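Student: Sharing start19.txt, compact mmCIF, N, CA and C atoms:
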# COMPACT_ATOMS: atom_id res chain seq x y z
N MET A 430 25.23 -28.26 -29.81
CA MET A 430 24.54 -27.00 -29.68
C MET A 430 23.28 -27.05 -30.55
N LEU A 431 22.21 -26.57 -30.00
CA LEU A 431 20.96 -26.46 -30.74
C LEU A 431 20.99 -25.18 -31.55
N ARG A 432 20.74 -25.30 -32.83
CA ARG A 432 20.77 -24.12 -33.69
C ARG A 432 19.69 -24.25 -34.75
N LEU A 433 18.91 -23.19 -34.90
CA LEU A 433 17.85 -23.17 -35.91
C LEU A 433 18.44 -22.75 -37.24
N SER A 434 17.82 -23.21 -38.31
CA SER A 434 18.23 -22.78 -39.64
C SER A 434 17.83 -21.32 -39.84
N LYS A 435 18.45 -20.65 -40.80
CA LYS A 435 18.10 -19.26 -41.12
C LYS A 435 16.63 -19.18 -41.53
N LYS A 436 16.17 -20.17 -42.29
CA LYS A 436 14.76 -20.16 -42.72
C LYS A 436 13.83 -20.25 -41.53
N ALA A 437 14.18 -21.06 -40.53
CA ALA A 437 13.36 -21.16 -39.33
C ALA A 437 13.38 -19.84 -38.56
N ASP A 438 14.54 -19.21 -38.48
CA ASP A 438 14.64 -17.88 -37.86
C ASP A 438 13.69 -16.91 -38.56
N TYR A 439 13.78 -16.87 -39.88
CA TYR A 439 12.94 -15.96 -40.66
C TYR A 439 11.47 -16.27 -40.49
N ALA A 440 11.14 -17.54 -40.42
CA ALA A 440 9.75 -17.95 -40.23
C ALA A 440 9.22 -17.46 -38.88
N LEU A 441 10.02 -17.62 -37.84
CA LEU A 441 9.61 -17.14 -36.52
C LEU A 441 9.45 -15.62 -36.51
N MET A 442 10.35 -14.92 -37.19
CA MET A 442 10.24 -13.46 -37.28
C MET A 442 8.95 -13.07 -38.00
N ALA A 443 8.65 -13.74 -39.08
CA ALA A 443 7.46 -13.42 -39.87
C ALA A 443 6.18 -13.72 -39.09
N VAL A 444 6.13 -14.86 -38.43
CA VAL A 444 4.93 -15.23 -37.69
C VAL A 444 4.73 -14.29 -36.51
N ARG A 445 5.81 -13.92 -35.85
CA ARG A 445 5.72 -12.95 -34.76
C ARG A 445 5.22 -11.61 -35.29
N HIS A 446 5.75 -11.19 -36.43
CA HIS A 446 5.32 -9.94 -37.07
C HIS A 446 3.82 -9.97 -37.33
N LEU A 447 3.34 -11.08 -37.87
CA LEU A 447 1.90 -11.22 -38.14
C LEU A 447 1.09 -11.23 -36.86
N ALA A 448 1.64 -11.81 -35.80
CA ALA A 448 0.95 -11.84 -34.51
C ALA A 448 0.78 -10.44 -33.94
N LEU A 449 1.75 -9.58 -34.22
CA LEU A 449 1.70 -8.21 -33.71
C LEU A 449 0.89 -7.27 -34.60
N SER A 450 0.57 -7.73 -35.81
CA SER A 450 -0.22 -6.90 -36.73
C SER A 450 -1.62 -6.72 -36.16
N THR A 451 -2.10 -5.49 -36.24
CA THR A 451 -3.44 -5.21 -35.74
C THR A 451 -4.44 -5.24 -36.89
N GLY A 452 -5.63 -5.66 -36.60
CA GLY A 452 -6.69 -5.68 -37.60
C GLY A 452 -6.69 -6.94 -38.42
N PRO A 453 -7.72 -7.12 -39.20
CA PRO A 453 -7.89 -8.34 -39.98
C PRO A 453 -7.16 -8.34 -41.33
N SER A 454 -6.48 -7.25 -41.66
CA SER A 454 -5.86 -7.16 -42.98
C SER A 454 -4.63 -8.05 -43.11
N SER A 455 -4.35 -8.44 -44.35
CA SER A 455 -3.20 -9.29 -44.66
C SER A 455 -1.93 -8.45 -44.73
N THR A 456 -0.81 -9.11 -44.58
CA THR A 456 0.50 -8.47 -44.70
C THR A 456 1.24 -9.14 -45.84
N SER A 457 1.86 -8.35 -46.70
CA SER A 457 2.55 -8.91 -47.86
C SER A 457 3.93 -9.44 -47.48
N ALA A 458 4.40 -10.35 -48.31
CA ALA A 458 5.75 -10.88 -48.13
C ALA A 458 6.76 -9.75 -48.24
N ARG A 459 6.51 -8.83 -49.16
CA ARG A 459 7.43 -7.70 -49.35
C ARG A 459 7.53 -6.84 -48.09
N GLU A 460 6.40 -6.57 -47.46
CA GLU A 460 6.40 -5.76 -46.24
C GLU A 460 7.23 -6.42 -45.14
N ILE A 461 7.03 -7.71 -44.95
CA ILE A 461 7.79 -8.43 -43.91
C ILE A 461 9.27 -8.46 -44.27
N ALA A 462 9.58 -8.78 -45.52
CA ALA A 462 10.97 -8.86 -45.96
C ALA A 462 11.69 -7.52 -45.77
N GLU A 463 11.03 -6.43 -46.13
CA GLU A 463 11.65 -5.11 -46.00
C GLU A 463 11.83 -4.72 -44.54
N GLN A 464 10.87 -5.09 -43.71
CA GLN A 464 10.95 -4.76 -42.27
C GLN A 464 12.20 -5.36 -41.63
N TYR A 465 12.60 -6.57 -42.07
CA TYR A 465 13.70 -7.29 -41.44
C TYR A 465 14.92 -7.46 -42.34
N ASP A 466 14.94 -6.76 -43.48
CA ASP A 466 16.06 -6.85 -44.42
C ASP A 466 16.36 -8.29 -44.84
N ILE A 467 15.32 -8.98 -45.26
CA ILE A 467 15.42 -10.35 -45.75
C ILE A 467 15.09 -10.33 -47.24
N PRO A 468 15.84 -11.04 -48.07
CA PRO A 468 15.51 -11.06 -49.50
C PRO A 468 14.05 -11.51 -49.71
N ILE A 469 13.32 -10.77 -50.55
CA ILE A 469 11.91 -11.02 -50.78
C ILE A 469 11.65 -12.44 -51.28
N GLU A 470 12.51 -12.95 -52.16
CA GLU A 470 12.32 -14.29 -52.70
C GLU A 470 12.39 -15.33 -51.60
N LEU A 471 13.34 -15.18 -50.69
CA LEU A 471 13.49 -16.11 -49.58
C LEU A 471 12.30 -16.02 -48.63
N MET A 472 11.87 -14.80 -48.33
CA MET A 472 10.72 -14.63 -47.44
C MET A 472 9.47 -15.25 -48.06
N ALA A 473 9.28 -15.05 -49.36
CA ALA A 473 8.12 -15.63 -50.04
C ALA A 473 8.12 -17.15 -49.94
N LYS A 474 9.28 -17.77 -50.11
CA LYS A 474 9.38 -19.23 -49.99
C LYS A 474 9.07 -19.70 -48.58
N VAL A 475 9.58 -18.99 -47.59
CA VAL A 475 9.33 -19.33 -46.19
C VAL A 475 7.83 -19.21 -45.89
N LEU A 476 7.22 -18.13 -46.33
CA LEU A 476 5.80 -17.92 -46.07
C LEU A 476 4.94 -18.98 -46.76
N GLN A 477 5.30 -19.36 -47.98
CA GLN A 477 4.54 -20.39 -48.68
C GLN A 477 4.66 -21.75 -47.97
N ARG A 478 5.82 -22.03 -47.43
CA ARG A 478 5.99 -23.28 -46.68
C ARG A 478 5.11 -23.26 -45.42
N LEU A 479 4.99 -22.09 -44.78
CA LEU A 479 4.13 -21.96 -43.61
C LEU A 479 2.64 -22.11 -43.98
N VAL A 480 2.30 -21.65 -45.18
CA VAL A 480 0.93 -21.84 -45.68
C VAL A 480 0.65 -23.33 -45.89
N ARG A 481 1.58 -24.02 -46.56
CA ARG A 481 1.40 -25.46 -46.81
C ARG A 481 1.28 -26.25 -45.52
N ALA A 482 1.95 -25.80 -44.47
CA ALA A 482 1.90 -26.49 -43.18
C ALA A 482 0.67 -26.10 -42.36
N GLY A 483 -0.10 -25.13 -42.84
CA GLY A 483 -1.31 -24.72 -42.14
C GLY A 483 -1.10 -23.70 -41.04
N VAL A 484 0.09 -23.11 -40.97
CA VAL A 484 0.37 -22.09 -39.95
C VAL A 484 -0.18 -20.74 -40.39
N LEU A 485 -0.11 -20.46 -41.69
CA LEU A 485 -0.59 -19.19 -42.25
C LEU A 485 -1.67 -19.44 -43.28
N LEU A 486 -2.42 -18.39 -43.56
CA LEU A 486 -3.37 -18.36 -44.66
C LEU A 486 -2.86 -17.35 -45.67
N SER A 487 -3.09 -17.62 -46.94
CA SER A 487 -2.65 -16.74 -48.00
C SER A 487 -3.86 -16.25 -48.78
N THR A 488 -3.87 -14.96 -49.09
CA THR A 488 -4.93 -14.36 -49.89
C THR A 488 -4.30 -13.73 -51.12
N GLN A 489 -4.86 -14.03 -52.29
CA GLN A 489 -4.35 -13.49 -53.56
C GLN A 489 -4.98 -12.13 -53.83
N GLY A 490 -4.39 -11.38 -54.74
CA GLY A 490 -4.97 -10.12 -55.18
C GLY A 490 -4.23 -8.91 -54.67
N THR A 491 -4.74 -7.74 -55.05
CA THR A 491 -4.06 -6.49 -54.70
C THR A 491 -4.04 -6.24 -53.20
N ARG A 492 -5.05 -6.70 -52.48
CA ARG A 492 -5.06 -6.55 -51.03
C ARG A 492 -4.69 -7.86 -50.34
N GLY A 493 -4.08 -8.73 -51.10
CA GLY A 493 -3.72 -10.05 -50.59
C GLY A 493 -2.50 -10.00 -49.70
N GLY A 494 -2.18 -11.15 -49.17
CA GLY A 494 -1.03 -11.28 -48.30
C GLY A 494 -1.20 -12.46 -47.38
N TYR A 495 -0.63 -12.37 -46.20
CA TYR A 495 -0.61 -13.48 -45.27
C TYR A 495 -1.21 -13.07 -43.93
N THR A 496 -1.89 -14.02 -43.31
CA THR A 496 -2.41 -13.87 -41.96
C THR A 496 -2.19 -15.19 -41.23
N LEU A 497 -2.26 -15.14 -39.91
CA LEU A 497 -2.16 -16.36 -39.12
C LEU A 497 -3.41 -17.20 -39.37
N SER A 498 -3.24 -18.51 -39.40
CA SER A 498 -4.38 -19.41 -39.64
C SER A 498 -5.23 -19.59 -38.38
N ARG A 499 -4.68 -19.27 -37.24
CA ARG A 499 -5.37 -19.39 -35.96
C ARG A 499 -4.75 -18.38 -35.00
N PRO A 500 -5.33 -18.19 -33.83
CA PRO A 500 -4.76 -17.22 -32.88
C PRO A 500 -3.30 -17.54 -32.54
N SER A 501 -2.53 -16.51 -32.31
CA SER A 501 -1.10 -16.70 -32.03
C SER A 501 -0.86 -17.54 -30.78
N ALA A 502 -1.81 -17.56 -29.86
CA ALA A 502 -1.69 -18.39 -28.66
C ALA A 502 -1.87 -19.87 -28.97
N ALA A 503 -2.36 -20.18 -30.18
CA ALA A 503 -2.57 -21.57 -30.58
C ALA A 503 -1.50 -22.05 -31.55
N ILE A 504 -0.47 -21.23 -31.78
CA ILE A 504 0.64 -21.61 -32.66
C ILE A 504 1.90 -21.68 -31.82
N SER A 505 2.52 -22.85 -31.79
CA SER A 505 3.73 -23.01 -30.98
C SER A 505 4.98 -22.75 -31.82
N VAL A 506 6.07 -22.49 -31.13
CA VAL A 506 7.37 -22.35 -31.79
C VAL A 506 7.70 -23.64 -32.53
N ALA A 507 7.36 -24.78 -31.94
CA ALA A 507 7.60 -26.07 -32.59
C ALA A 507 6.83 -26.18 -33.90
N ASP A 508 5.59 -25.68 -33.93
CA ASP A 508 4.79 -25.70 -35.17
C ASP A 508 5.53 -24.99 -36.30
N VAL A 509 6.10 -23.84 -35.99
CA VAL A 509 6.78 -23.04 -37.00
C VAL A 509 8.08 -23.71 -37.45
N ILE A 510 8.88 -24.14 -36.49
CA ILE A 510 10.16 -24.77 -36.81
C ILE A 510 9.95 -26.04 -37.64
N GLU A 511 9.01 -26.88 -37.23
CA GLU A 511 8.76 -28.12 -37.96
C GLU A 511 8.19 -27.87 -39.36
N ALA A 512 7.44 -26.78 -39.52
CA ALA A 512 6.92 -26.43 -40.84
C ALA A 512 8.05 -26.10 -41.81
N ILE A 513 9.12 -25.56 -41.29
CA ILE A 513 10.25 -25.15 -42.14
C ILE A 513 11.31 -26.24 -42.24
N ASP A 514 11.71 -26.80 -41.12
CA ASP A 514 12.85 -27.73 -41.09
C ASP A 514 12.46 -29.20 -40.97
N GLY A 515 11.18 -29.48 -40.81
CA GLY A 515 10.78 -30.86 -40.61
C GLY A 515 10.93 -31.26 -39.16
N PRO A 516 10.78 -32.54 -38.86
CA PRO A 516 10.86 -32.99 -37.47
C PRO A 516 12.20 -32.63 -36.84
N PHE A 517 12.12 -32.24 -35.59
CA PHE A 517 13.29 -31.83 -34.83
C PHE A 517 14.15 -33.04 -34.48
N THR A 518 15.46 -32.96 -34.71
CA THR A 518 16.36 -34.06 -34.38
C THR A 518 17.60 -33.53 -33.65
N VAL A 519 18.21 -34.38 -32.86
CA VAL A 519 19.48 -34.04 -32.20
C VAL A 519 20.59 -35.00 -32.59
N THR A 520 20.21 -36.11 -33.23
CA THR A 520 21.19 -37.10 -33.66
C THR A 520 20.93 -37.47 -35.11
N ALA A 521 21.92 -38.07 -35.73
CA ALA A 521 21.77 -38.49 -37.12
C ALA A 521 20.82 -39.67 -37.24
N CYS A 522 20.72 -40.47 -36.19
CA CYS A 522 19.82 -41.62 -36.24
C CYS A 522 18.44 -41.20 -35.72
N SER A 523 17.47 -41.97 -36.06
CA SER A 523 16.12 -41.76 -35.55
C SER A 523 15.46 -43.12 -35.40
N SER A 524 14.29 -43.14 -34.80
CA SER A 524 13.62 -44.43 -34.61
C SER A 524 13.24 -45.07 -35.95
N ASP A 525 13.11 -44.27 -37.00
CA ASP A 525 12.76 -44.79 -38.32
C ASP A 525 13.98 -45.14 -39.17
N ASN A 526 15.15 -44.69 -38.75
CA ASN A 526 16.35 -44.85 -39.58
C ASN A 526 17.47 -45.41 -38.72
N ASN A 527 17.72 -46.70 -38.82
CA ASN A 527 18.77 -47.31 -37.99
C ASN A 527 19.91 -47.86 -38.85
N ASP A 528 20.33 -47.10 -39.83
CA ASP A 528 21.41 -47.57 -40.70
C ASP A 528 22.80 -47.18 -40.21
N CYS A 529 22.90 -46.63 -39.01
CA CYS A 529 24.18 -46.27 -38.43
C CYS A 529 24.96 -47.54 -38.07
N ASP A 530 26.25 -47.55 -38.33
CA ASP A 530 27.08 -48.71 -37.99
C ASP A 530 27.11 -48.98 -36.49
N GLN A 531 26.90 -47.96 -35.69
CA GLN A 531 26.95 -48.10 -34.24
C GLN A 531 25.58 -48.32 -33.61
N TYR A 532 24.55 -48.43 -34.40
CA TYR A 532 23.17 -48.46 -33.89
C TYR A 532 22.97 -49.52 -32.79
N SER A 533 23.38 -50.71 -33.03
CA SER A 533 23.13 -51.79 -32.05
C SER A 533 24.00 -51.67 -30.81
N LYS A 534 25.12 -50.97 -30.90
CA LYS A 534 26.05 -50.85 -29.77
C LYS A 534 25.99 -49.48 -29.10
N CYS A 535 25.23 -48.58 -29.64
CA CYS A 535 25.22 -47.20 -29.17
C CYS A 535 24.68 -47.11 -27.74
N SER A 536 25.44 -46.43 -26.89
CA SER A 536 25.03 -46.30 -25.48
C SER A 536 24.40 -44.94 -25.18
N ILE A 537 24.38 -44.06 -26.16
CA ILE A 537 23.83 -42.72 -25.91
C ILE A 537 22.56 -42.44 -26.70
N ARG A 538 22.20 -43.33 -27.59
CA ARG A 538 21.05 -43.09 -28.47
C ARG A 538 19.78 -42.82 -27.66
N ASP A 539 19.42 -43.72 -26.75
CA ASP A 539 18.18 -43.56 -25.99
C ASP A 539 18.19 -42.31 -25.11
N PRO A 540 19.28 -42.03 -24.37
CA PRO A 540 19.29 -40.77 -23.60
C PRO A 540 19.17 -39.53 -24.50
N LEU A 541 19.81 -39.56 -25.66
CA LEU A 541 19.70 -38.41 -26.56
C LEU A 541 18.29 -38.28 -27.13
N TRP A 542 17.63 -39.38 -27.38
CA TRP A 542 16.23 -39.32 -27.85
C TRP A 542 15.34 -38.73 -26.76
N GLN A 543 15.63 -39.06 -25.50
CA GLN A 543 14.85 -38.49 -24.39
C GLN A 543 15.07 -36.98 -24.31
N ILE A 544 16.32 -36.57 -24.51
CA ILE A 544 16.62 -35.13 -24.52
C ILE A 544 15.88 -34.46 -25.67
N ARG A 545 15.88 -35.11 -26.84
CA ARG A 545 15.17 -34.56 -27.99
C ARG A 545 13.70 -34.38 -27.68
N GLU A 546 13.09 -35.37 -27.01
CA GLU A 546 11.68 -35.28 -26.67
C GLU A 546 11.41 -34.13 -25.71
N ARG A 547 12.31 -33.91 -24.76
CA ARG A 547 12.14 -32.80 -23.81
C ARG A 547 12.26 -31.45 -24.51
N ILE A 548 13.23 -31.33 -25.40
CA ILE A 548 13.39 -30.08 -26.15
C ILE A 548 12.16 -29.83 -27.02
N ALA A 549 11.71 -30.84 -27.73
CA ALA A 549 10.53 -30.71 -28.59
C ALA A 549 9.31 -30.34 -27.77
N ALA A 550 9.15 -30.95 -26.60
CA ALA A 550 8.01 -30.64 -25.74
C ALA A 550 8.07 -29.18 -25.27
N THR A 551 9.26 -28.73 -24.93
CA THR A 551 9.42 -27.34 -24.49
C THR A 551 9.09 -26.38 -25.62
N LEU A 552 9.60 -26.64 -26.81
CA LEU A 552 9.30 -25.79 -27.96
C LEU A 552 7.80 -25.82 -28.27
N GLY A 553 7.16 -26.92 -27.97
CA GLY A 553 5.73 -27.04 -28.19
C GLY A 553 4.89 -26.27 -27.18
N THR A 554 5.47 -25.91 -26.05
CA THR A 554 4.72 -25.17 -25.03
C THR A 554 4.88 -23.66 -25.16
N VAL A 555 5.86 -23.20 -25.91
CA VAL A 555 6.07 -21.77 -26.10
C VAL A 555 5.27 -21.32 -27.31
N THR A 556 4.38 -20.36 -27.11
CA THR A 556 3.53 -19.90 -28.21
C THR A 556 4.09 -18.64 -28.85
N ILE A 557 3.61 -18.39 -30.05
CA ILE A 557 3.98 -17.15 -30.75
C ILE A 557 3.46 -15.95 -29.97
N ALA A 558 2.30 -16.07 -29.34
CA ALA A 558 1.78 -14.98 -28.52
C ALA A 558 2.75 -14.64 -27.39
N GLU A 559 3.33 -15.66 -26.77
CA GLU A 559 4.31 -15.42 -25.71
C GLU A 559 5.56 -14.74 -26.25
N MET A 560 6.02 -15.21 -27.41
CA MET A 560 7.21 -14.58 -28.02
C MET A 560 6.94 -13.11 -28.32
N ALA A 561 5.76 -12.81 -28.83
CA ALA A 561 5.43 -11.42 -29.15
C ALA A 561 5.34 -10.58 -27.88
N ALA A 562 4.73 -11.12 -26.83
CA ALA A 562 4.59 -10.38 -25.57
C ALA A 562 5.94 -10.17 -24.90
N GLU A 563 6.79 -11.19 -24.90
CA GLU A 563 8.11 -11.06 -24.29
C GLU A 563 8.95 -10.03 -25.02
N ASN A 564 8.88 -10.05 -26.33
CA ASN A 564 9.67 -9.11 -27.10
C ASN A 564 9.19 -7.69 -26.88
N ASP A 565 7.89 -7.48 -26.76
CA ASP A 565 7.37 -6.15 -26.48
C ASP A 565 7.85 -5.66 -25.12
N ALA A 566 7.85 -6.53 -24.11
CA ALA A 566 8.29 -6.16 -22.78
C ALA A 566 9.78 -5.83 -22.77
N ALA A 567 10.56 -6.54 -23.59
CA ALA A 567 12.00 -6.29 -23.64
C ALA A 567 12.31 -4.94 -24.25
N HIS A 568 11.40 -4.43 -25.09
CA HIS A 568 11.63 -3.13 -25.73
C HIS A 568 10.86 -1.99 -25.05
N ALA A 569 10.29 -2.27 -23.88
CA ALA A 569 9.56 -1.23 -23.15
C ALA A 569 10.55 -0.20 -22.64
N PRO A 570 10.14 1.06 -22.56
CA PRO A 570 11.03 2.08 -22.00
C PRO A 570 11.44 1.69 -20.58
N VAL A 571 12.65 2.05 -20.20
CA VAL A 571 13.19 1.65 -18.90
C VAL A 571 12.32 2.16 -17.77
N ALA A 572 11.89 3.41 -17.82
CA ALA A 572 11.06 3.96 -16.75
C ALA A 572 9.75 3.18 -16.63
N HIS A 573 9.16 2.82 -17.77
CA HIS A 573 7.91 2.06 -17.76
C HIS A 573 8.15 0.67 -17.20
N ALA A 574 9.25 0.04 -17.56
CA ALA A 574 9.56 -1.29 -17.06
C ALA A 574 9.77 -1.26 -15.54
N ALA A 575 10.39 -0.19 -15.04
CA ALA A 575 10.62 -0.08 -13.61
C ALA A 575 9.30 0.05 -12.86
N VAL A 576 8.35 0.75 -13.42
CA VAL A 576 7.05 0.90 -12.79
C VAL A 576 6.33 -0.45 -12.73
N ILE A 577 6.47 -1.24 -13.76
CA ILE A 577 5.82 -2.55 -13.81
C ILE A 577 6.36 -3.46 -12.72
N ARG A 578 7.64 -3.38 -12.42
CA ARG A 578 8.27 -4.28 -11.45
C ARG A 578 7.85 -3.97 -10.01
N ARG A 579 7.41 -2.77 -9.71
CA ARG A 579 7.09 -2.40 -8.34
C ARG A 579 5.89 -3.03 -7.82
Before we go any further, please render this structure as structure tokens.
Tutor:
Amino acid sequence: MLRLSKKADYALMAVRHLALSTGPSSTSAREIAEQYDIPIELMAKVLQRLVRAGVLLSTQGTRGGYTLSRPSAAISVADVIEAIDGPFTVTACSSDNNDCDQYSKCSIRDPLWQIRERIAATLGTVTIAEMAAENDAAHAPVAHAAVIRR
């Protein structure tokens, strides 16, 4: 089963939150943490990791906070996940690490690597802008959603 870490979940929530923020102003770690009931210390660490990876920009000072480093349509889900968890893997082995006792005899390694590449490619095609738009549509009033479908 594919499962994201809690930090990756929080990172996606924070980046989506910033994508939905209107105007050029920064958003504080505290504001995001309080919005989603996430411990402020954990949110601050997640946001700083996103800054180091170039996904977010950080501004110091009383009006400081975080903003997206580029348009939300130019930030993929894969960008965010890899910034937090590192390269995506589905197996314990990788092309750089072949210390598994079964490495030379393994019959599923190559097919699993192909699956990993497909999953990574898919995550790379989904943007934060899409996540924000889909989530907004999911929370649209039922009557409004029905009008859109006609």
Student: Enter the distance from atom C of Lys436 in chain A to atom N of Cys522 in chain A, in Å, rounded to one decimal.
Tutor: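 So the two atoms, atom C of Lys436 in chain A and atom N of Cys522 in chain A, lie 22.0 Å apart.
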Student: Would you work out the distance separating CA of Ala448 in chain A from CA of Ala561 in chain A, expressed in Å to one decimal?
Tutor: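 Taking CA of Ala448 in chain A as the start and CA of Ala561 in chain A as the end point, the length is 7.0 Å.
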Student: List the neighbours of Ala482 in chain A out to 8 Å using only N, CA and C atoms; skip same-chain residues closer than 3 positions along the sequence, and give me the result as a VMD selection string.
Tutor: chain A and resid 476 to 479 485 508 511 to 513
Student: Just list the residues in chain A DSSP gives strand (DSSP E or B) on the backbone, as number ranges by chain.
Tutor: A: 456, 485-488, 494-497, 505, 523, 526, 556
Student: For the structure I just gave you, how does DSSP split range 443-478 of chain A - specifically, which residues are helix (DSSP H, G or I)? Reply as a list of chain:residue names.
Tutor: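 Selecting the helix (DSSP H, G or I) positions of range 443-478 of chain A gives A:Ala443, A:Val444, A:Arg445, A:His446, A:Leu447, A:Ala448, A:Leu449, A:Ala458, A:Arg459, A:Glu460, A:Ile461, A:Ala462, A:Glu463, A:Gln464, A:Tyr465, A:Ile469, A:Glu470, A:Leu471, A:Met472, A:Ala473, A:Lys474, A:Val475, A:Leu476, A:Gln477, A:Arg478.
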Student: Tell me, in Å to one decimal, how far CA of Glu559 in chain A is from atom C of Ser450 in chain A.
Tutor: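 Computing it gives 14.8 Å between the two atoms.
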Student: Which one is closest to Ile548 in chain A: A:Thr451, A:Ser457, A:Ser536, A:Thr518? Count only C-alpha atoms.
Tutor: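 Closest to Ile548 in chain A, using only C-alpha atoms: A:Thr518.
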Student: Taking (-0.5, -17.1, -29.3) in the coordinates of the supplied file, I want to know which residues reach to within 12 Å of it, counting only C-alpha atoms; could you give the answer as a ChimeraX atom specification?
Tutor: /A:444-445,447-449,484,497-506,508,553-563
Student: Write to file, as a compact mmCIF listing (two decimals), in the frame of the given file, the residues of the selection just made, with N, CA and C atoms.
Tutor:
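To be explicit, this is the file written out as part.txt:
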# COMPACT_ATOMS: atom_id res chain seq x y z
N VAL A 444 6.13 -14.86 -38.43
CA VAL A 444 4.93 -15.23 -37.69
C VAL A 444 4.73 -14.29 -36.51
N ARG A 445 5.81 -13.92 -35.85
CA ARG A 445 5.72 -12.95 -34.76
C ARG A 445 5.22 -11.61 -35.29
N LEU A 447 3.34 -11.08 -37.87
CA LEU A 447 1.90 -11.22 -38.14
C LEU A 447 1.09 -11.23 -36.86
N ALA A 448 1.64 -11.81 -35.80
CA ALA A 448 0.95 -11.84 -34.51
C ALA A 448 0.78 -10.44 -33.94
N LEU A 449 1.75 -9.58 -34.22
CA LEU A 449 1.70 -8.21 -33.71
C LEU A 449 0.89 -7.27 -34.60
N VAL A 484 0.09 -23.11 -40.97
CA VAL A 484 0.37 -22.09 -39.95
C VAL A 484 -0.18 -20.74 -40.39
N LEU A 497 -2.26 -15.14 -39.91
CA LEU A 497 -2.16 -16.36 -39.12
C LEU A 497 -3.41 -17.20 -39.37
N SER A 498 -3.24 -18.51 -39.40
CA SER A 498 -4.38 -19.41 -39.64
C SER A 498 -5.23 -19.59 -38.38
N ARG A 499 -4.68 -19.27 -37.24
CA ARG A 499 -5.37 -19.39 -35.96
C ARG A 499 -4.75 -18.38 -35.00
N PRO A 500 -5.33 -18.19 -33.83
CA PRO A 500 -4.76 -17.22 -32.88
C PRO A 500 -3.30 -17.54 -32.54
N SER A 501 -2.53 -16.51 -32.31
CA SER A 501 -1.10 -16.70 -32.03
C SER A 501 -0.86 -17.54 -30.78
N ALA A 502 -1.81 -17.56 -29.86
CA ALA A 502 -1.69 -18.39 -28.66
C ALA A 502 -1.87 -19.87 -28.97
N ALA A 503 -2.36 -20.18 -30.18
CA ALA A 503 -2.57 -21.57 -30.58
C ALA A 503 -1.50 -22.05 -31.55
N ILE A 504 -0.47 -21.23 -31.78
CA ILE A 504 0.64 -21.61 -32.66
C ILE A 504 1.90 -21.68 -31.82
N SER A 505 2.52 -22.85 -31.79
CA SER A 505 3.73 -23.01 -30.98
C SER A 505 4.98 -22.75 -31.82
N VAL A 506 6.07 -22.49 -31.13
CA VAL A 506 7.37 -22.35 -31.79
C VAL A 506 7.70 -23.64 -32.53
N ASP A 508 5.59 -25.68 -33.93
CA ASP A 508 4.79 -25.70 -35.17
C ASP A 508 5.53 -24.99 -36.30
N GLY A 553 7.16 -26.92 -27.97
CA GLY A 553 5.73 -27.04 -28.19
C GLY A 553 4.89 -26.27 -27.18
N THR A 554 5.47 -25.91 -26.05
CA THR A 554 4.72 -25.17 -25.03
C THR A 554 4.88 -23.66 -25.16
N VAL A 555 5.86 -23.20 -25.91
CA VAL A 555 6.07 -21.77 -26.10
C VAL A 555 5.27 -21.32 -27.31
N THR A 556 4.38 -20.36 -27.11
CA THR A 556 3.53 -19.90 -28.21
C THR A 556 4.09 -18.64 -28.85
N ILE A 557 3.61 -18.39 -30.05
CA ILE A 557 3.98 -17.15 -30.75
C ILE A 557 3.46 -15.95 -29.97
N ALA A 558 2.30 -16.07 -29.34
CA ALA A 558 1.78 -14.98 -28.52
C ALA A 558 2.75 -14.64 -27.39
N GLU A 559 3.33 -15.66 -26.77
CA GLU A 559 4.31 -15.42 -25.71
C GLU A 559 5.56 -14.74 -26.25
N MET A 560 6.02 -15.21 -27.41
CA MET A 560 7.21 -14.58 -28.02
C MET A 560 6.94 -13.11 -28.32
N ALA A 561 5.76 -12.81 -28.83
CA ALA A 561 5.43 -11.42 -29.15
C ALA A 561 5.34 -10.58 -27.88
N ALA A 562 4.73 -11.12 -26.83
CA ALA A 562 4.59 -10.38 -25.57
C ALA A 562 5.94 -10.17 -24.90
N GLU A 563 6.79 -11.19 -24.90
CA GLU A 563 8.11 -11.06 -24.29
C GLU A 563 8.95 -10.03 -25.02
Student: Residues at most 7 Å from Tyr495 in chain A, counting all atoms listed in the file, excluding those fewer than 3 positions away in the same chain, as a list in words?
Tutor: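 Returned residues: Leu447, Ser454, Ser455, Thr456, Ser457, Ala458, Leu485, Leu486, Ser487 and Thr488 of chain A.
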Student: Find, counting only C-alpha atoms, the residue in A:Ala440, A:Ile510, A:Ala521, A:Cys529 that gets nearest to Leu541 in chain A.
Tutor: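 Nearest to Leu541 in chain A: A:Ala521.
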